[in-house]
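Shown below: model_28.txt, with compact mmCIF, C-alpha atoms.
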```
# COMPACT_ATOMS: atom_id res chain seq x y z
CA MET A 1 68.09 20.72 -40.79
CA ASN A 2 67.07 24.22 -41.74
CA ILE A 3 63.56 25.18 -40.78
CA LEU A 4 63.07 26.95 -44.10
CA GLU A 5 63.62 23.73 -46.04
CA LEU A 6 60.73 21.89 -44.40
CA SER A 7 58.65 21.89 -47.57
CA ALA A 8 61.00 19.42 -49.27
CA ASN A 9 60.53 16.77 -46.59
CA LEU A 10 58.05 13.93 -46.62
CA GLN A 11 57.99 13.77 -42.82
CA THR A 12 56.68 17.34 -42.47
CA TYR A 13 53.53 16.54 -44.38
CA LEU A 14 53.03 13.23 -42.61
CA VAL A 15 53.27 14.89 -39.19
CA ILE A 16 50.81 17.62 -40.23
CA GLY A 17 48.44 14.92 -41.52
CA ALA A 18 48.72 13.05 -38.22
CA MET A 19 47.98 16.27 -36.32
CA LEU A 20 44.91 16.98 -38.45
CA PHE A 21 43.70 13.44 -37.82
CA GLY A 22 44.26 13.71 -34.08
CA ILE A 23 42.56 17.12 -33.79
CA GLY A 24 39.64 15.82 -35.84
CA PHE A 25 39.36 12.75 -33.61
CA TYR A 26 39.36 14.95 -30.53
CA GLY A 27 36.59 17.10 -31.96
CA LEU A 28 34.58 14.05 -33.00
CA VAL A 29 34.56 12.74 -29.44
CA GLN A 30 34.24 16.11 -27.75
CA ARG A 31 31.55 17.86 -29.77
CA GLN A 32 27.94 17.72 -28.66
CA THR A 33 26.22 18.81 -31.85
CA PHE A 34 25.88 16.95 -35.12
CA ILE A 35 27.28 19.81 -37.17
CA GLY A 36 30.36 20.00 -34.94
CA MET A 37 30.93 16.29 -35.43
CA LEU A 38 30.57 16.72 -39.20
CA ILE A 39 33.20 19.48 -39.13
CA SER A 40 35.59 17.20 -37.25
CA ALA A 41 34.99 14.40 -39.77
CA GLU A 42 35.95 16.82 -42.54
CA LEU A 43 39.19 17.52 -40.67
CA ILE A 44 39.96 13.79 -40.50
CA LEU A 45 39.30 13.43 -44.24
CA SER A 46 41.61 16.32 -45.08
CA GLY A 47 44.36 14.76 -42.95
CA ALA A 48 43.99 11.55 -44.96
CA SER A 49 44.12 13.44 -48.27
CA LEU A 50 47.22 15.30 -47.16
CA ASN A 51 48.93 11.95 -46.50
CA PHE A 52 47.94 10.69 -49.94
CA MET A 53 49.28 13.81 -51.61
CA ALA A 54 52.58 13.65 -49.68
CA PHE A 55 53.19 10.01 -50.61
CA ASN A 56 52.22 10.85 -54.18
CA ARG A 57 54.78 13.63 -54.40
CA PHE A 58 57.71 11.85 -52.77
CA LEU A 59 57.32 8.09 -53.21
CA ALA A 60 54.92 7.18 -56.01
CA PRO A 61 56.25 6.29 -59.46
CA ASP A 62 53.07 7.60 -61.07
CA PRO A 63 52.39 11.10 -59.67
CA THR A 64 48.80 11.25 -60.90
CA VAL A 65 47.47 8.45 -58.66
CA GLY A 66 47.48 10.40 -55.42
CA GLN A 67 46.01 13.49 -57.03
CA ILE A 68 43.14 11.49 -58.52
CA PHE A 69 42.57 9.76 -55.19
CA THR A 70 42.43 13.14 -53.47
CA LEU A 71 39.92 14.42 -56.02
CA PHE A 72 37.75 11.35 -55.37
CA ILE A 73 38.00 11.95 -51.62
CA MET A 74 36.79 15.52 -52.23
CA ALA A 75 33.81 14.28 -54.24
CA ILE A 76 32.88 11.72 -51.59
CA ALA A 77 33.29 14.33 -48.83
CA ALA A 78 31.01 16.74 -50.65
CA ALA A 79 28.36 14.03 -51.09
CA GLU A 80 28.74 13.05 -47.44
CA ALA A 81 28.35 16.64 -46.28
CA ALA A 82 25.19 17.11 -48.38
CA ILE A 83 23.60 13.90 -47.07
CA ALA A 84 24.61 14.55 -43.46
CA LEU A 85 23.29 18.10 -43.52
CA SER A 86 19.94 17.06 -44.94
CA ILE A 87 19.69 14.36 -42.27
CA ILE A 88 20.55 17.00 -39.65
CA ILE A 89 17.81 19.28 -40.96
CA ALA A 90 15.31 16.41 -40.90
CA VAL A 91 16.31 15.58 -37.32
CA TYR A 92 16.01 19.24 -36.37
CA ARG A 93 12.52 19.39 -37.80
CA ASN A 94 11.43 16.45 -35.66
CA TYR A 95 13.29 17.12 -32.42
CA LYS A 96 13.87 20.91 -32.59
CA SER A 97 17.48 20.30 -31.61
CA ILE A 98 20.78 19.25 -33.14
CA ASP A 99 22.23 18.24 -29.81
CA THR A 100 23.37 14.62 -29.78
CA GLU A 101 21.95 13.93 -26.35
CA ASP A 102 18.44 15.11 -27.20
CA VAL A 103 18.06 12.50 -29.92
CA MET A 104 18.16 9.49 -27.61
CA ASP A 105 14.83 7.76 -27.92
CA LEU A 106 16.36 4.32 -27.52
CA GLN A 107 17.83 4.40 -24.07
CA GLY A 108 20.74 2.01 -24.19
CA MET B 1 72.44 27.36 -44.29
CA MET B 2 69.83 29.17 -46.28
CA SER B 3 69.28 32.85 -45.89
CA LEU B 4 65.82 34.22 -45.26
CA PHE B 5 66.13 36.88 -47.91
CA THR B 6 66.37 34.68 -50.96
CA LEU B 7 63.51 33.34 -53.03
CA GLU B 8 63.79 29.91 -51.41
CA GLY B 9 63.90 31.42 -47.95
CA LEU B 10 60.74 33.42 -48.56
CA SER B 11 58.98 30.38 -49.95
CA GLY B 12 60.00 28.43 -46.86
CA LEU B 13 58.57 31.19 -44.70
CA LEU B 14 55.32 31.07 -46.67
CA PHE B 15 55.24 27.31 -46.13
CA LEU B 16 55.53 27.84 -42.37
CA GLY B 17 52.65 30.28 -42.65
CA PHE B 18 50.52 27.65 -44.37
CA ILE B 19 51.34 25.13 -41.65
CA GLY B 20 50.32 27.65 -39.01
CA LEU B 21 47.09 28.42 -40.91
CA THR B 22 46.23 24.72 -41.13
CA LEU B 23 46.86 23.85 -37.49
CA SER B 24 45.30 27.00 -36.01
CA GLY B 25 42.26 26.57 -38.25
CA ALA B 26 41.86 22.98 -37.10
CA LEU B 27 42.16 24.01 -33.45
CA ILE B 28 39.56 26.78 -33.90
CA ALA B 29 37.26 24.34 -35.71
CA THR B 30 37.29 21.87 -32.84
CA SER B 31 37.37 24.17 -29.84
CA ALA B 32 35.26 27.22 -30.75
CA ARG B 33 32.04 27.56 -28.79
CA SER B 34 29.73 28.82 -31.50
CA LEU B 35 29.25 26.74 -34.61
CA ILE B 36 29.70 29.63 -37.04
CA ARG B 37 33.16 30.27 -35.65
CA SER B 38 34.15 26.66 -35.98
CA VAL B 39 32.98 26.64 -39.61
CA ALA B 40 35.18 29.71 -40.17
CA GLY B 41 38.08 27.83 -38.58
CA LEU B 42 37.38 24.91 -40.91
CA ALA B 43 37.58 27.25 -43.92
CA LEU B 44 40.89 28.61 -42.62
CA CYS B 45 42.24 25.08 -42.21
CA PHE B 46 41.17 24.15 -45.75
CA LEU B 47 42.92 27.22 -47.14
CA GLY B 48 46.11 26.15 -45.36
CA VAL B 49 45.81 22.62 -46.70
CA ALA B 50 45.36 24.05 -50.21
CA GLY B 51 48.64 25.91 -49.75
CA LEU B 52 50.34 22.68 -48.69
CA TYR B 53 48.98 20.98 -51.82
CA TYR B 54 50.51 23.77 -53.87
CA TYR B 55 53.89 22.99 -52.35
CA LEU B 56 53.35 19.32 -53.26
CA ASN B 57 53.54 20.13 -56.99
CA SER B 58 49.81 19.95 -57.62
CA PRO B 59 48.27 23.38 -58.16
CA PHE B 60 45.17 21.83 -59.73
CA VAL B 61 44.26 19.91 -56.58
CA ALA B 62 44.95 23.05 -54.53
CA LEU B 63 42.50 24.99 -56.69
CA MET B 64 39.92 22.22 -56.40
CA GLN B 65 40.39 22.20 -52.62
CA ILE B 66 39.57 25.90 -52.41
CA LEU B 67 36.71 25.60 -54.89
CA ILE B 68 35.02 22.53 -53.39
CA TYR B 69 35.79 22.71 -49.70
CA VAL B 70 35.90 26.42 -49.01
CA GLY B 71 33.42 27.36 -51.69
CA ALA B 72 30.89 24.55 -51.41
CA VAL B 73 31.19 22.44 -48.28
CA CYS B 74 31.77 25.30 -45.84
CA VAL B 75 28.96 27.37 -47.34
CA THR B 76 26.60 24.38 -47.12
CA ILE B 77 27.51 23.84 -43.48
CA ILE B 78 26.87 27.54 -42.79
CA PHE B 79 23.44 27.18 -44.40
CA ALA B 80 22.68 24.23 -42.15
CA VAL B 81 23.84 26.16 -39.10
CA MET B 82 21.49 28.99 -40.02
CA LEU B 83 18.55 26.63 -40.64
CA ALA B 84 19.05 24.50 -37.57
CA GLU B 85 20.31 27.02 -35.08
CA SER B 86 21.32 25.38 -31.87
CA SER B 87 21.33 27.11 -28.56
CA GLU B 88 24.93 26.19 -27.96
CA LEU B 89 24.93 28.57 -25.00
CA LYS B 90 23.13 26.03 -22.84
CA GLN B 91 26.34 24.07 -22.76
CA ILE B 92 25.50 22.12 -19.66
CA THR B 93 27.78 19.21 -19.03
CA ARG B 94 25.26 16.45 -18.75
CA ARG B 95 27.76 13.69 -19.23
CA ASN B 96 30.77 12.21 -17.67
CA ARG B 97 33.42 14.73 -16.73
CA LEU B 98 36.17 12.37 -17.78
CA VAL B 99 35.26 12.61 -21.48
CA GLY B 100 37.19 15.83 -22.09
CA PRO B 101 40.58 14.84 -20.60
CA LEU B 102 40.31 11.27 -21.87
CA SER B 103 39.61 12.30 -25.45
CA PHE B 104 42.46 14.82 -25.24
CA LEU B 105 44.76 12.05 -24.03
CA ALA B 106 43.59 9.61 -26.69
CA SER B 107 44.05 12.07 -29.55
CA GLY B 108 47.47 13.07 -28.19
CA LEU B 109 48.47 9.40 -28.15
CA LEU B 110 47.19 8.98 -31.72
CA ILE B 111 49.18 11.99 -32.94
CA TRP B 112 52.30 10.78 -31.10
CA ALA B 113 52.03 7.27 -32.52
CA LEU B 114 51.37 8.33 -36.11
CA ALA B 115 54.05 11.04 -36.11
CA GLY B 116 56.55 8.65 -34.55
CA LEU B 117 55.74 6.07 -37.20
CA ALA B 118 56.22 8.67 -39.94
CA LEU B 119 59.55 9.83 -38.53
CA LYS B 120 61.00 6.40 -37.73
CA THR B 121 60.24 4.64 -41.00
CA GLU B 122 62.83 4.58 -43.75
CA TRP B 123 60.92 5.76 -46.81
CA SER B 124 62.42 4.70 -50.11
CA PRO B 125 61.68 7.01 -53.06
CA ALA B 126 60.47 5.73 -56.40
CA SER B 127 63.21 4.69 -58.78
CA CYS B 128 61.65 6.15 -61.92
CA LEU B 129 58.72 8.38 -62.77
CA VAL B 130 56.16 7.40 -65.39
CA ASN B 131 54.97 10.95 -65.96
CA ARG B 132 55.31 14.33 -64.32
CA GLY B 133 51.87 14.63 -62.81
CA THR B 134 50.74 17.71 -64.69
CA VAL B 135 47.10 18.58 -65.30
CA GLU B 136 47.37 17.03 -68.74
CA ASP B 137 48.56 13.70 -67.31
CA LEU B 138 45.84 13.93 -64.70
CA GLY B 139 43.13 14.35 -67.31
CA GLN B 140 44.48 11.57 -69.47
CA SER B 141 44.62 9.00 -66.70
CA LEU B 142 41.24 10.15 -65.38
CA LEU B 143 39.67 9.30 -68.73
CA THR B 144 41.64 6.12 -69.44
CA THR B 145 42.82 4.22 -66.36
CA TYR B 146 40.26 5.58 -63.93
CA SER B 147 37.33 6.12 -66.28
CA MET B 148 35.20 3.52 -64.47
CA SER B 149 35.70 5.13 -61.07
CA PHE B 150 35.07 8.51 -62.65
CA GLU B 151 31.69 7.37 -63.95
CA LEU B 152 30.84 5.69 -60.67
CA ILE B 153 31.63 8.78 -58.66
CA SER B 154 29.35 10.86 -60.83
CA VAL B 155 26.55 8.36 -60.15
CA VAL B 156 27.32 8.61 -56.42
CA LEU B 157 27.12 12.41 -56.58
CA LEU B 158 23.80 12.26 -58.44
CA VAL B 159 22.34 9.84 -55.90
CA ALA B 160 23.59 12.05 -53.07
CA VAL B 161 21.96 15.13 -54.57
CA VAL B 162 18.61 13.40 -55.09
CA GLY B 163 18.78 11.70 -51.70
CA SER B 164 19.54 14.87 -49.81
CA LEU B 165 16.68 16.66 -51.57
CA VAL B 166 14.30 13.85 -50.63
CA LEU B 167 15.52 13.75 -47.02
CA ALA B 168 15.31 17.49 -46.50
CA ARG B 169 11.91 17.64 -48.15
CA ALA B 170 10.22 14.87 -46.15
CA GLY B 171 7.78 16.19 -43.60
CA ARG B 172 7.60 19.71 -44.96
CA ASP B 173 4.07 19.38 -46.21
CA LYS B 174 2.39 18.83 -42.89
```
Rewrite the structure of this file - the entire thing - as structure tokens.
Amino acid sequence: MNILELSANLQTYLVIGAMLFGIGFYGLVQRQTFIGMLISAELILSGASLNFMAFNRFLAPDPTVGQIFTLFIMAIAAAEAAIALSIIIAVYRNYKSIDTEDVMDLQG
Amino acid sequence: MMSLFTLEGLSGLLFLGFIGLTLSGALIATSARSLIRSVAGLALCFLGVAGLYYYLNSPFVALMQILIYVGAVCVTIIFAVMLAESSELKQITRRNRLVGPLSFLASGLLIWALAGLALKTEWSPASCLVNRGTVEDLGQSLLTTYSMSFELISVVLLVAVVGSLVLARAGRDK
């Protein structure tokens, strides 16, 4: 298979989506600040949208479904980012820190 | 065998560039030390994903990706980083040392399993297409088939805006 013809393959997009998901998962576990975790969650969401778009292009009989689903994912992600950032700012105002380990009042 | 110096060859090269942009942006976003740099990596990754969407026959979604993610979400995150500046330099490892290698291993396993699943499965393409997925078709089905979800998502966005204002405002008066 020619490397220049990768864009016409479903598997290319699926593998990139899996990589985005895995990198996002790694960041979600690894990061110590709330904003870093939010960034990783955005990566996971974009991996999921990429999968939807790839299936929409290659397999779906109605090629608008995946695009609409991706637009809805974008709207939800924007709402999620707004809410999460305002929560982060509220937490910062109370604790003077956005580090995940400083916000442990309930010692479990 | 396709030559590099045809139109298709150049577009394939551009596609490889978008893949590189996406993956390097994602790696920068997760591994950069300072938060501003990782937001910049996130913007880079979103630009690459928009390019991939363009190759998937949907320029409208690619435009929306740039507009919403790069233009709105990344800028909002940068605002939050500026408002709640963390001293990321005091990166003391106060937790278990095994977390780093174990999370690396777990995400590697996840990528391996999902990519293997994608490559092994026999995907069967659709037998017939109902429409061609242009912007016109998109608008029509958004206002007929998916009109209920469309309305609901606008309510969700409104609630999110009001809620985030309330949350960020609480405790400012004292």
> Of the candidates B:Thr30, B:Thr144, B:Gln65, B:Ser24, which one gets nearest to Leu50 of chain A if we count all atoms listed in the file?
Replying inline: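 Selected residue with least distance to Leu50 of chain A: B:Gln65.
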Proximal residues of chain B relative to chain A (only C-alpha atoms; 7 Å) as a PDB file with C-alpha atoms, in the coordinates of the input:
```
ATOM      1  CA  MET B   1      72.440  27.360 -44.290  1.00  0.00           C
ATOM      2  CA  GLY B   9      63.900  31.420 -47.950  1.00  0.00           C
ATOM      3  CA  GLY B  12      60.000  28.430 -46.860  1.00  0.00           C
ATOM      4  CA  LEU B  13      58.570  31.190 -44.700  1.00  0.00           C
ATOM      5  CA  PHE B  15      55.240  27.310 -46.130  1.00  0.00           C
ATOM      6  CA  ALA B  26      41.860  22.980 -37.100  1.00  0.00           C
ATOM      7  CA  LEU B  27      42.160  24.010 -33.450  1.00  0.00           C
ATOM      8  CA  THR B  30      37.290  21.870 -32.840  1.00  0.00           C
ATOM      9  CA  LEU B  35      29.250  26.740 -34.610  1.00  0.00           C
ATOM     10  CA  TYR B  55      53.890  22.990 -52.350  1.00  0.00           C
ATOM     11  CA  LEU B  56      53.350  19.320 -53.260  1.00  0.00           C
ATOM     12  CA  VAL B  61      44.260  19.910 -56.580  1.00  0.00           C
ATOM     13  CA  VAL B  73      31.190  22.440 -48.280  1.00  0.00           C
ATOM     14  CA  ALA B  80      22.680  24.230 -42.150  1.00  0.00           C
ATOM     15  CA  ALA B  84      19.050  24.500 -37.570  1.00  0.00           C
ATOM     16  CA  SER B  86      21.320  25.380 -31.870  1.00  0.00           C
ATOM     17  CA  GLY B 100      37.190  15.830 -22.090  1.00  0.00           C
ATOM     18  CA  SER B 103      39.610  12.300 -25.450  1.00  0.00           C
ATOM     19  CA  PHE B 104      42.460  14.820 -25.240  1.00  0.00           C
ATOM     20  CA  SER B 107      44.050  12.070 -29.550  1.00  0.00           C
ATOM     21  CA  GLY B 108      47.470  13.070 -28.190  1.00  0.00           C
ATOM     22  CA  LEU B 110      47.190   8.980 -31.720  1.00  0.00           C
ATOM     23  CA  ILE B 111      49.180  11.990 -32.940  1.00  0.00           C
ATOM     24  CA  LEU B 114      51.370   8.330 -36.110  1.00  0.00           C
ATOM     25  CA  ALA B 115      54.050  11.040 -36.110  1.00  0.00           C
ATOM     26  CA  ALA B 118      56.220   8.670 -39.940  1.00  0.00           C
ATOM     27  CA  LEU B 119      59.550   9.830 -38.530  1.00  0.00           C
ATOM     28  CA  SER B 124      62.420   4.700 -50.110  1.00  0.00           C
ATOM     29  CA  PRO B 125      61.680   7.010 -53.060  1.00  0.00           C
ATOM     30  CA  ALA B 126      60.470   5.730 -56.400  1.00  0.00           C
ATOM     31  CA  CYS B 128      61.650   6.150 -61.920  1.00  0.00           C
ATOM     32  CA  LEU B 129      58.720   8.380 -62.770  1.00  0.00           C
ATOM     33  CA  VAL B 130      56.160   7.400 -65.390  1.00  0.00           C
ATOM     34  CA  ASN B 131      54.970  10.950 -65.960  1.00  0.00           C
ATOM     35  CA  ARG B 132      55.310  14.330 -64.320  1.00  0.00           C
ATOM     36  CA  GLY B 133      51.870  14.630 -62.810  1.00  0.00           C
ATOM     37  CA  ASP B 137      48.560  13.700 -67.310  1.00  0.00           C
ATOM     38  CA  LEU B 138      45.840  13.930 -64.700  1.00  0.00           C
ATOM     39  CA  LEU B 157      27.120  12.410 -56.580  1.00  0.00           C
ATOM     40  CA  ALA B 160      23.590  12.050 -53.070  1.00  0.00           C
ATOM     41  CA  SER B 164      19.540  14.870 -49.810  1.00  0.00           C
ATOM     42  CA  LEU B 167      15.520  13.750 -47.020  1.00  0.00           C
ATOM     43  CA  ALA B 168      15.310  17.490 -46.500  1.00  0.00           C
TER      44      ALA B 168
END
```
> What is the distance between atom CA of Ser58 of chain B and atom CA of Gly25 of chain B, in Å to one decimal?
Replying inline: 21.8 Å
> Near Phe46 of chain B, within 7 Å and counting only C-alpha atoms, which residues show up once chain neighbours fewer than 6 positions away are dropped, as a ChimeraX atom specification?
Replying inline: /B:22,69-70
> Given the choices B:Ile68, B:Val81, B:Ala106, B:Leu14, which gets closest to Ala40 of chain B if the distance is worked out from all atoms listed in the file?
Replying inline: B:Val81
> Mind pulling up the distance from atom CA of Val135 of chain B to atom CA of Met148 of chain B?
Replying inline: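 These two atoms are separated by 19.2 Å.
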> Separation of atom CA of Ala43 of chain B and atom CA of Gly17 of chain B, in Å?
Replying inline: 15.4 Å
